[in-house]
file protein-v2.txt (compact mmCIF, C-alpha atoms)
# COMPACT_ATOMS: atom_id res chain seq x y z
CA ASP A 283 -3.39 -17.56 -0.77
CA GLN A 284 -2.02 -16.98 2.68
CA GLN A 285 1.26 -15.11 2.52
CA VAL A 286 1.86 -15.11 6.27
CA LYS A 287 1.17 -18.36 8.09
CA GLN A 288 0.94 -19.10 11.78
CA ASN A 289 0.34 -22.81 11.92
CA SER A 290 -0.22 -23.09 15.67
CA PRO A 291 -3.63 -21.70 16.66
CA SER A 292 -2.72 -21.94 20.34
CA LEU A 293 0.20 -22.53 22.66
CA SER A 294 0.38 -23.14 26.43
CA VAL A 295 3.54 -22.37 28.37
CA GLN A 296 4.38 -22.53 32.04
CA GLU A 297 5.01 -19.19 33.74
CA GLY A 298 8.73 -18.45 33.84
CA ARG A 299 9.54 -20.66 30.86
CA ILE A 300 10.30 -19.58 27.31
CA SER A 301 7.44 -19.05 24.84
CA ILE A 302 8.32 -19.55 21.17
CA LEU A 303 5.83 -18.45 18.54
CA ASN A 304 6.51 -19.34 14.93
CA CYS A 305 5.60 -17.81 11.62
CA ASP A 306 6.29 -18.68 7.98
CA TYR A 307 5.92 -16.47 4.94
CA THR A 308 5.88 -17.03 1.21
CA ASN A 309 6.56 -13.61 -0.33
CA SER A 310 10.27 -12.93 -0.72
CA MET A 311 9.49 -9.24 -1.36
CA PHE A 312 8.55 -8.66 2.28
CA ASP A 313 11.06 -6.20 3.70
CA TYR A 314 9.90 -5.76 7.27
CA PHE A 315 8.38 -8.11 9.79
CA LEU A 316 6.39 -7.34 12.89
CA TRP A 317 4.70 -8.97 15.84
CA TYR A 318 1.51 -7.58 17.32
CA LYS A 319 -0.19 -8.59 20.54
CA LYS A 320 -3.94 -8.47 21.06
CA TYR A 321 -6.00 -8.62 24.23
CA PRO A 322 -9.78 -9.23 24.08
CA ALA A 323 -11.86 -6.16 23.25
CA GLU A 324 -8.77 -4.18 22.25
CA GLY A 325 -7.04 -3.49 18.96
CA PRO A 326 -3.67 -5.10 18.24
CA THR A 327 -0.66 -3.37 19.77
CA PHE A 328 2.77 -3.29 18.19
CA LEU A 329 5.30 -5.44 20.04
CA ILE A 330 8.55 -5.80 18.13
CA SER A 331 9.82 -5.71 14.56
CA ILE A 332 12.78 -6.71 12.41
CA SER A 333 14.10 -5.54 9.08
CA SER A 334 14.74 -8.14 6.39
CA ILE A 335 18.44 -7.23 6.47
CA LYS A 336 18.82 -8.42 10.05
CA ASP A 337 18.47 -11.82 11.66
CA LYS A 338 17.78 -10.87 15.27
CA ASN A 339 16.22 -8.03 17.22
CA GLU A 340 15.88 -7.96 20.98
CA ASP A 341 13.76 -5.77 23.24
CA GLY A 342 13.72 -6.73 26.88
CA ARG A 343 12.04 -10.13 27.28
CA PHE A 344 11.14 -10.25 23.57
CA THR A 345 13.43 -11.40 20.78
CA VAL A 346 12.52 -11.90 17.15
CA PHE A 347 14.62 -14.13 14.91
CA LEU A 348 14.48 -14.06 11.12
CA ASN A 349 15.68 -16.88 8.87
CA LYS A 350 15.33 -15.53 5.34
CA SER A 351 16.49 -18.67 3.59
CA ALA A 352 13.74 -20.64 5.32
CA LYS A 353 11.24 -17.75 5.13
CA HIS A 354 10.66 -18.22 8.82
CA LEU A 355 10.55 -15.97 11.83
CA SER A 356 9.96 -16.61 15.48
CA LEU A 357 9.18 -14.62 18.60
CA HIS A 358 10.79 -15.67 21.86
CA ILE A 359 9.43 -14.45 25.17
CA VAL A 360 11.55 -15.21 28.21
CA PRO A 361 10.63 -15.47 30.97
CA SER A 362 6.93 -15.81 30.20
CA GLN A 363 4.60 -13.90 32.49
CA PRO A 364 0.84 -14.12 33.10
CA GLY A 365 0.29 -10.79 31.31
CA ASP A 366 1.73 -12.32 28.15
CA SER A 367 -1.46 -14.35 27.69
CA ALA A 368 -2.92 -12.89 24.50
CA VAL A 369 -3.23 -13.50 20.77
CA TYR A 370 -0.02 -12.83 18.88
CA PHE A 371 -0.11 -11.85 15.22
CA CYS A 372 2.86 -12.20 12.95
CA ALA A 373 2.85 -9.60 10.16
CA ALA A 374 4.95 -8.70 7.16
CA SER A 375 5.18 -5.58 5.07
CA ALA A 376 5.62 -4.87 1.37
CA ASP A 377 4.54 -1.83 -0.65
CA ASP A 378 3.49 0.04 2.50
CA LYS A 379 0.87 -2.58 3.40
CA ILE A 380 0.96 -5.02 6.28
CA ILE A 381 -0.21 -8.60 5.83
CA PHE A 382 -1.20 -10.39 9.03
CA GLY A 383 -1.20 -14.05 9.93
CA LYS A 384 -4.20 -15.65 11.63
CA GLY A 385 -2.67 -15.39 15.07
CA THR A 386 -1.56 -17.73 17.84
CA ARG A 387 -3.30 -17.66 21.20
CA LEU A 388 -0.71 -17.91 23.98
CA HIS A 389 -1.79 -19.18 27.40
CA ILE A 390 0.64 -18.71 30.27
CA LEU A 391 -0.04 -21.32 32.91
CA PRO A 392 0.57 -20.60 36.62
CA ASP B 44 -6.11 9.85 25.79
CA THR B 45 -4.07 10.36 22.65
CA GLY B 46 -4.55 6.95 21.06
CA VAL B 47 -6.65 5.96 18.07
CA SER B 48 -10.37 6.10 18.77
CA GLN B 49 -13.25 4.51 16.89
CA ASN B 50 -16.97 5.08 17.08
CA PRO B 51 -19.28 3.39 17.57
CA ARG B 52 -17.74 0.39 19.34
CA HIS B 53 -20.67 -1.83 18.41
CA LYS B 54 -23.25 -1.57 15.65
CA ILE B 55 -26.16 -3.89 14.99
CA THR B 56 -28.02 -3.27 11.77
CA LYS B 57 -30.50 -5.00 9.54
CA ARG B 58 -29.50 -6.31 6.16
CA GLY B 59 -29.85 -3.65 3.50
CA GLN B 60 -29.24 -0.70 5.80
CA ASN B 61 -26.31 1.69 5.47
CA VAL B 62 -23.79 2.13 8.27
CA THR B 63 -20.96 4.60 8.86
CA PHE B 64 -18.01 4.23 11.19
CA ARG B 65 -15.62 6.92 12.34
CA CYS B 66 -11.93 6.76 13.18
CA ASP B 67 -9.89 9.48 14.88
CA PRO B 68 -6.17 8.75 14.45
CA ILE B 69 -3.27 9.94 16.58
CA SER B 70 -3.13 13.63 15.71
CA GLU B 71 0.38 13.80 14.25
CA HIS B 72 -0.04 10.61 12.15
CA ASN B 73 -0.50 11.22 8.45
CA ARG B 74 -1.19 7.61 7.48
CA LEU B 75 -4.56 6.01 8.27
CA TYR B 76 -5.54 2.42 7.54
CA TRP B 77 -8.76 0.44 7.62
CA TYR B 78 -8.80 -3.31 8.25
CA ARG B 79 -11.48 -5.94 8.66
CA GLN B 80 -11.12 -8.86 11.03
CA THR B 81 -13.36 -11.91 11.17
CA LEU B 82 -13.31 -14.71 13.71
CA GLY B 83 -10.14 -16.76 13.62
CA GLN B 84 -8.42 -14.46 11.15
CA GLY B 85 -5.90 -11.70 11.38
CA PRO B 86 -6.72 -8.16 10.30
CA GLU B 87 -7.21 -7.89 6.52
CA PHE B 88 -6.19 -4.69 4.77
CA LEU B 89 -9.04 -2.69 3.21
CA THR B 90 -7.65 0.74 2.31
CA TYR B 91 -5.29 3.46 3.44
CA PHE B 92 -4.85 7.21 3.27
CA GLN B 93 -1.88 9.48 3.37
CA ASN B 94 -3.24 12.78 4.59
CA GLU B 95 -6.51 13.17 2.66
CA ALA B 96 -5.46 11.08 -0.35
CA GLN B 97 -6.73 7.51 -0.59
CA LEU B 98 -3.70 5.66 -1.96
CA GLU B 99 -4.86 2.08 -2.25
CA LYS B 100 -7.96 -0.07 -1.96
CA SER B 101 -8.04 -3.82 -1.51
CA ARG B 102 -10.03 -6.15 -3.74
CA LEU B 103 -11.98 -6.89 -0.55
CA LEU B 104 -13.44 -3.39 -0.73
CA SER B 105 -16.49 -3.81 -2.94
CA ASP B 106 -18.31 -0.84 -4.45
CA ARG B 107 -20.67 -0.88 -1.46
CA PHE B 108 -17.78 0.33 0.68
CA SER B 109 -16.46 3.87 0.64
CA ALA B 110 -13.92 5.58 2.82
CA GLU B 111 -13.06 9.24 3.20
CA ARG B 112 -10.58 11.29 5.12
CA PRO B 113 -11.55 14.91 4.64
CA LYS B 114 -8.86 17.40 5.64
CA GLY B 115 -6.51 14.55 6.47
CA SER B 116 -7.77 14.16 10.02
CA PHE B 117 -10.55 11.72 10.99
CA SER B 118 -11.81 9.11 8.56
CA THR B 119 -15.16 7.50 7.89
CA LEU B 120 -15.94 4.09 6.44
CA GLU B 121 -19.42 3.66 4.99
CA ILE B 122 -21.02 0.39 4.00
CA GLN B 123 -24.11 0.65 1.84
CA ARG B 124 -26.79 -2.04 1.58
CA THR B 125 -25.17 -4.16 4.26
CA GLU B 126 -25.06 -7.94 3.88
CA GLN B 127 -24.65 -10.61 6.54
CA GLY B 128 -21.16 -11.29 5.22
CA ASP B 129 -20.18 -7.76 6.26
CA SER B 130 -20.42 -8.78 9.92
CA ALA B 131 -16.91 -8.33 11.28
CA MET B 132 -14.67 -6.17 13.43
CA TYR B 133 -13.57 -3.07 11.53
CA LEU B 134 -10.22 -1.79 12.75
CA CYS B 135 -8.57 1.54 12.12
CA ALA B 136 -4.86 2.18 12.52
CA SER B 137 -2.57 5.14 12.05
CA SER B 138 1.14 5.72 11.61
CA LEU B 139 3.70 8.22 10.47
CA ALA B 140 4.68 7.95 6.81
CA SER B 141 8.33 8.32 7.68
CA GLY B 142 11.06 5.70 7.66
CA LEU B 143 10.53 2.74 9.93
CA ALA B 144 7.70 4.50 11.79
CA LEU B 145 5.62 3.69 8.72
CA TYR B 146 5.46 0.07 9.80
CA GLU B 147 4.53 0.65 13.42
CA GLN B 148 0.81 1.08 13.19
CA TYR B 149 -1.28 2.03 16.18
CA PHE B 150 -4.70 0.41 16.24
CA GLY B 151 -7.98 1.58 17.64
CA PRO B 152 -10.28 -0.76 19.60
CA GLY B 153 -12.41 -1.47 16.54
CA THR B 154 -16.09 -1.28 15.64
CA ARG B 155 -17.91 -4.60 15.78
CA LEU B 156 -20.61 -4.77 13.11
CA THR B 157 -23.40 -7.33 13.28
CA VAL B 158 -25.76 -7.53 10.32
CA THR B 159 -28.99 -9.39 11.07

call {"tool": "encode", "arguments": {"input": "protein-v2.txt", "output": "structure tokens"}}
result
Amino acid sequence: DQQVKQNSPSLSVQEGRISILNCDYTNSMFDYFLWYKKYPAEGPTFLISISSIKDKNEDGRFTVFLNKSAKHLSLHIVPSQPGDSAVYFCAASADDKIIFGKGTRLHILP
Amino acid sequence: DTGVSQNPRHKITKRGQNVTFRCDPISEHNRLYWYRQTLGQGPEFLTYFQNEAQLEKSRLLSDRFSAERPKGSFSTLEIQRTEQGDSAMYLCASSLASGLALYEQYFGPGTRLTVT
């Protein structure tokens, strides 16, 4: 069973516009949520995180929103830039382990 | 370069052979994790260490897999009698086992294993 779901395999967004990546989870015991970004031939890199006791965390162009009642989180990137083209993994943590979603490939169009 | 390093970056082996991968974590990190990633999937947890102690192993880690972290520094992942289904990217990550830093794992570039 997939505890962290990213239902959009890919997303294309015009440069300068907002990119919104979505993620759903099933395990209510998750206490921390993260987004990782991955370029080809590299390992994932940590981007931003949010504790389960908060509903928003912002870091520069990146904002993560958490809706616990809906078991949903989203990553907003604004404005989108060409260097944001990558695969984005949503992840959630419980018992010191991180469970990753399948990823969403973001294409930023010129 | 003080990031996580993994060797080799690529390994091609014949079915039935044994392979060993190495991971060198960030030096001050006491947590070390191994993941496997296949095409179209996110990283899947295999096992993790705190210092030299192996604290948990996933059901994915069959008895053909063994991991060690002698002296709490680098780690090795060995796969015995490789099978074609073992073909994947094997990722290593490290973190501090302290507060929120626990969750911010730093990944190496991975070792891509191809079993023919």

call {"tool": "residues_around", "arguments": {"input": "protein-v2.txt", "residues": "stretch 339-351 of chain A", "least_positions_apart": "4", "cutoff": "12 Å", "atoms": "only C-alpha atoms", "output": "VMD selection string"}}
result
chain A and resid 298 to 319 329 to 335 355 to 363 366 372 374

call {"tool": "residues_around", "arguments": {"input": "protein-v2.txt", "residues": "B:Pro152", "least_positions_apart": "2", "cutoff": "12 Å", "atoms": "all atoms listed in the file", "output": "PyMOL selection string"}}
result
(chain A and resi 320-327) or (chain B and resi 46-53+65-68+78+80+132-136+149-150+154-155)

call {"tool": "closest_atom_pairs", "arguments": {"input": "protein-v2.txt", "of": "chain B", "to": "chain A", "cutoff": "8 Å", "atoms": "all atoms listed in the file", "output": "JSON lines"}}
result
{"residue": "B:Gly83", "atom": "CA", "partner": "A:Lys384", "partner_atom": "CA", "distance": 6.4}
{"residue": "B:Gln84", "atom": "CA", "partner": "A:Lys384", "partner_atom": "CA", "distance": 4.4}
{"residue": "B:Gly85", "atom": "CA", "partner": "A:Lys384", "partner_atom": "CA", "distance": 4.3}
{"residue": "B:Pro86", "atom": "CA", "partner": "A:Phe382", "partner_atom": "CA", "distance": 6.1}
{"residue": "B:Glu87", "atom": "CA", "partner": "A:Phe382", "partner_atom": "CA", "distance": 7.0}
{"residue": "B:Phe88", "atom": "CA", "partner": "A:Ile381", "partner_atom": "CA", "distance": 7.2}
{"residue": "B:Leu134", "atom": "CA", "partner": "A:Gly325", "partner_atom": "CA", "distance": 7.2}
{"residue": "B:Leu145", "atom": "CA", "partner": "A:Asp378", "partner_atom": "CA", "distance": 7.5}
{"residue": "B:Tyr146", "atom": "CA", "partner": "A:Ser375", "partner_atom": "CA", "distance": 7.4}
{"residue": "B:Glu147", "atom": "CA", "partner": "A:Phe328", "partner_atom": "CA", "distance": 6.4}
{"residue": "B:Gln148", "atom": "CA", "partner": "A:Phe328", "partner_atom": "CA", "distance": 6.9}
{"residue": "B:Tyr149", "atom": "CA", "partner": "A:Thr327", "partner_atom": "CA", "distance": 6.5}
{"residue": "B:Phe150", "atom": "CA", "partner": "A:Gly325", "partner_atom": "CA", "distance": 5.3}
{"residue": "B:Gly151", "atom": "CA", "partner": "A:Gly325", "partner_atom": "CA", "distance": 5.3}
{"residue": "B:Pro152", "atom": "CA", "partner": "A:Gly325", "partner_atom": "CA", "distance": 4.3}
{"residue": "B:Gly153", "atom": "CA", "partner": "A:Gly325", "partner_atom": "CA", "distance": 6.2}

call {"tool": "atom_distance", "arguments": {"input": "protein-v2.txt", "atom1": "atom CA of B:Ser116", "atom2": "atom CA of B:Leu103"}}
result
23.9 Å

call {"tool": "closest_residue", "arguments": {"input": "protein-v2.txt", "among": "B:Lys57, B:Ala96, B:Val62, B:Ile69", "to": "B:Phe108", "atoms": "all atoms listed in the file"}}
result
B:Val62

call {"tool": "residues_around", "arguments": {"input": "protein-v2.txt", "residues": "stretch 93-95 of chain B", "least_positions_apart": "6", "cutoff": "7 Å", "atoms": "all atoms listed in the file", "output": "PyMOL selection string"}}
result
chain B and resi 73-75+112-115

call {"tool": "residues_near_point", "arguments": {"input": "protein-v2.txt", "point": "(-13.5, 0.8, 2.3)", "cutoff": "12 Å", "atoms": "all atoms listed in the file", "output": "number ranges by chain"}}
result
B: 62-65, 75-79, 87-92, 97-112, 118-123, 129, 133-135

call {"tool": "closest_residue", "arguments": {"input": "protein-v2.txt", "among": "B:Thr157, B:His72, B:Gly59, B:Thr45", "to": "B:Ala144", "atoms": "all atoms listed in the file"}}
result
B:His72

call {"tool": "atom_distance", "arguments": {"input": "protein-v2.txt", "atom1": "atom CA of A:Asp377", "atom2": "atom CA of B:Leu82"}}
result
26.3 Å

call {"tool": "residues_around", "arguments": {"input": "protein-v2.txt", "residues": "A:Gln296", "least_positions_apart": "5", "cutoff": "8 Å", "atoms": "only C-alpha atoms", "output": "short mmCIF file (atom, residue, chain, number, x, y, z; two decimals) with C-alpha atoms, keeping the file's coordinate frame"}}
result
data_model
loop_
_atom_site.label_atom_id
_atom_site.label_comp_id
_atom_site.auth_asym_id
_atom_site.auth_seq_id
_atom_site.Cartn_x
_atom_site.Cartn_y
_atom_site.Cartn_z
CA SER A 362 6.93 -15.81 30.20
CA ILE A 390 0.64 -18.71 30.27
CA LEU A 391 -0.04 -21.32 32.91
CA PRO A 392 0.57 -20.60 36.62
#

call {"tool": "atom_distance", "arguments": {"input": "protein-v2.txt", "atom1": "atom CA of A:Ser367", "atom2": "atom CA of B:Leu143"}}
result
27.4 Å

call {"tool": "build_atoms", "arguments": {"input": "protein-v2.txt", "residues": "stretch 117-137 of chain B", "atoms": "N, CA and C atoms", "output": "PDB file, in the coordinates of the input"}}
result
ATOM      1  N   PHE B 117      -9.780  12.938  10.739  1.00  0.00           N
ATOM      2  CA  PHE B 117     -10.550  11.720  10.990  1.00  0.00           C
ATOM      3  C   PHE B 117     -10.945  11.081   9.659  1.00  0.00           C
ATOM      4  N   SER B 118     -11.367   9.835   9.753  1.00  0.00           N
ATOM      5  CA  SER B 118     -11.810   9.110   8.560  1.00  0.00           C
ATOM      6  C   SER B 118     -13.153   8.450   8.838  1.00  0.00           C
ATOM      7  N   THR B 119     -13.919   8.262   7.786  1.00  0.00           N
ATOM      8  CA  THR B 119     -15.160   7.500   7.890  1.00  0.00           C
ATOM      9  C   THR B 119     -15.148   6.357   6.898  1.00  0.00           C
ATOM     10  N   LEU B 120     -15.757   5.260   7.300  1.00  0.00           N
ATOM     11  CA  LEU B 120     -15.940   4.090   6.440  1.00  0.00           C
ATOM     12  C   LEU B 120     -17.438   3.836   6.374  1.00  0.00           C
ATOM     13  N   GLU B 121     -17.991   3.890   5.175  1.00  0.00           N
ATOM     14  CA  GLU B 121     -19.420   3.660   4.990  1.00  0.00           C
ATOM     15  C   GLU B 121     -19.641   2.364   4.240  1.00  0.00           C
ATOM     16  N   ILE B 122     -20.603   1.599   4.704  1.00  0.00           N
ATOM     17  CA  ILE B 122     -21.020   0.390   4.000  1.00  0.00           C
ATOM     18  C   ILE B 122     -22.476   0.584   3.604  1.00  0.00           C
ATOM     19  N   GLN B 123     -22.734   0.516   2.332  1.00  0.00           N
ATOM     20  CA  GLN B 123     -24.110   0.650   1.840  1.00  0.00           C
ATOM     21  C   GLN B 123     -24.723  -0.716   1.637  1.00  0.00           C
ATOM     22  N   ARG B 124     -26.043  -0.796   1.831  1.00  0.00           N
ATOM     23  CA  ARG B 124     -26.790  -2.040   1.580  1.00  0.00           C
ATOM     24  C   ARG B 124     -26.080  -3.218   2.245  1.00  0.00           C
ATOM     25  N   THR B 125     -25.945  -3.144   3.550  1.00  0.00           N
ATOM     26  CA  THR B 125     -25.170  -4.160   4.260  1.00  0.00           C
ATOM     27  C   THR B 125     -25.699  -5.566   4.019  1.00  0.00           C
ATOM     28  N   GLU B 126     -24.767  -6.515   4.046  1.00  0.00           N
ATOM     29  CA  GLU B 126     -25.060  -7.940   3.880  1.00  0.00           C
ATOM     30  C   GLU B 126     -24.549  -8.665   5.116  1.00  0.00           C
ATOM     31  N   GLN B 127     -25.070  -9.867   5.350  1.00  0.00           N
ATOM     32  CA  GLN B 127     -24.650 -10.610   6.540  1.00  0.00           C
ATOM     33  C   GLN B 127     -23.155 -10.890   6.523  1.00  0.00           C
ATOM     34  N   GLY B 128     -22.597 -11.049   5.341  1.00  0.00           N
ATOM     35  CA  GLY B 128     -21.160 -11.290   5.220  1.00  0.00           C
ATOM     36  C   GLY B 128     -20.308 -10.095   5.612  1.00  0.00           C
ATOM     37  N   ASP B 129     -20.932  -8.945   5.819  1.00  0.00           N
ATOM     38  CA  ASP B 129     -20.180  -7.760   6.260  1.00  0.00           C
ATOM     39  C   ASP B 129     -19.943  -7.783   7.764  1.00  0.00           C
ATOM     40  N   SER B 130     -20.594  -8.693   8.474  1.00  0.00           N
ATOM     41  CA  SER B 130     -20.420  -8.780   9.920  1.00  0.00           C
ATOM     42  C   SER B 130     -18.961  -9.091  10.234  1.00  0.00           C
ATOM     43  N   ALA B 131     -18.339  -8.218  10.997  1.00  0.00           N
ATOM     44  CA  ALA B 131     -16.910  -8.330  11.280  1.00  0.00           C
ATOM     45  C   ALA B 131     -16.520  -7.233  12.264  1.00  0.00           C
ATOM     46  N   MET B 132     -15.258  -7.276  12.670  1.00  0.00           N
ATOM     47  CA  MET B 132     -14.670  -6.170  13.430  1.00  0.00           C
ATOM     48  C   MET B 132     -13.952  -5.287  12.417  1.00  0.00           C
ATOM     49  N   TYR B 133     -14.239  -4.010  12.437  1.00  0.00           N
ATOM     50  CA  TYR B 133     -13.570  -3.070  11.530  1.00  0.00           C
ATOM     51  C   TYR B 133     -12.576  -2.258  12.364  1.00  0.00           C
ATOM     52  N   LEU B 134     -11.305  -2.402  11.994  1.00  0.00           N
ATOM     53  CA  LEU B 134     -10.220  -1.790  12.750  1.00  0.00           C
ATOM     54  C   LEU B 134      -9.627  -0.625  11.971  1.00  0.00           C
ATOM     55  N   CYS B 135      -9.270   0.401  12.683  1.00  0.00           N
ATOM     56  CA  CYS B 135      -8.570   1.540  12.120  1.00  0.00           C
ATOM     57  C   CYS B 135      -7.195   1.615  12.764  1.00  0.00           C
ATOM     58  N   ALA B 136      -6.218   2.016  11.989  1.00  0.00           N
ATOM     59  CA  ALA B 136      -4.860   2.180  12.520  1.00  0.00           C
ATOM     60  C   ALA B 136      -4.239   3.426  11.916  1.00  0.00           C
ATOM     61  N   SER B 137      -3.263   3.984  12.608  1.00  0.00           N
ATOM     62  CA  SER B 137      -2.570   5.140  12.050  1.00  0.00           C
ATOM     63  C   SER B 137      -1.069   5.010  12.287  1.00  0.00           C
TER      64      SER B 137
END
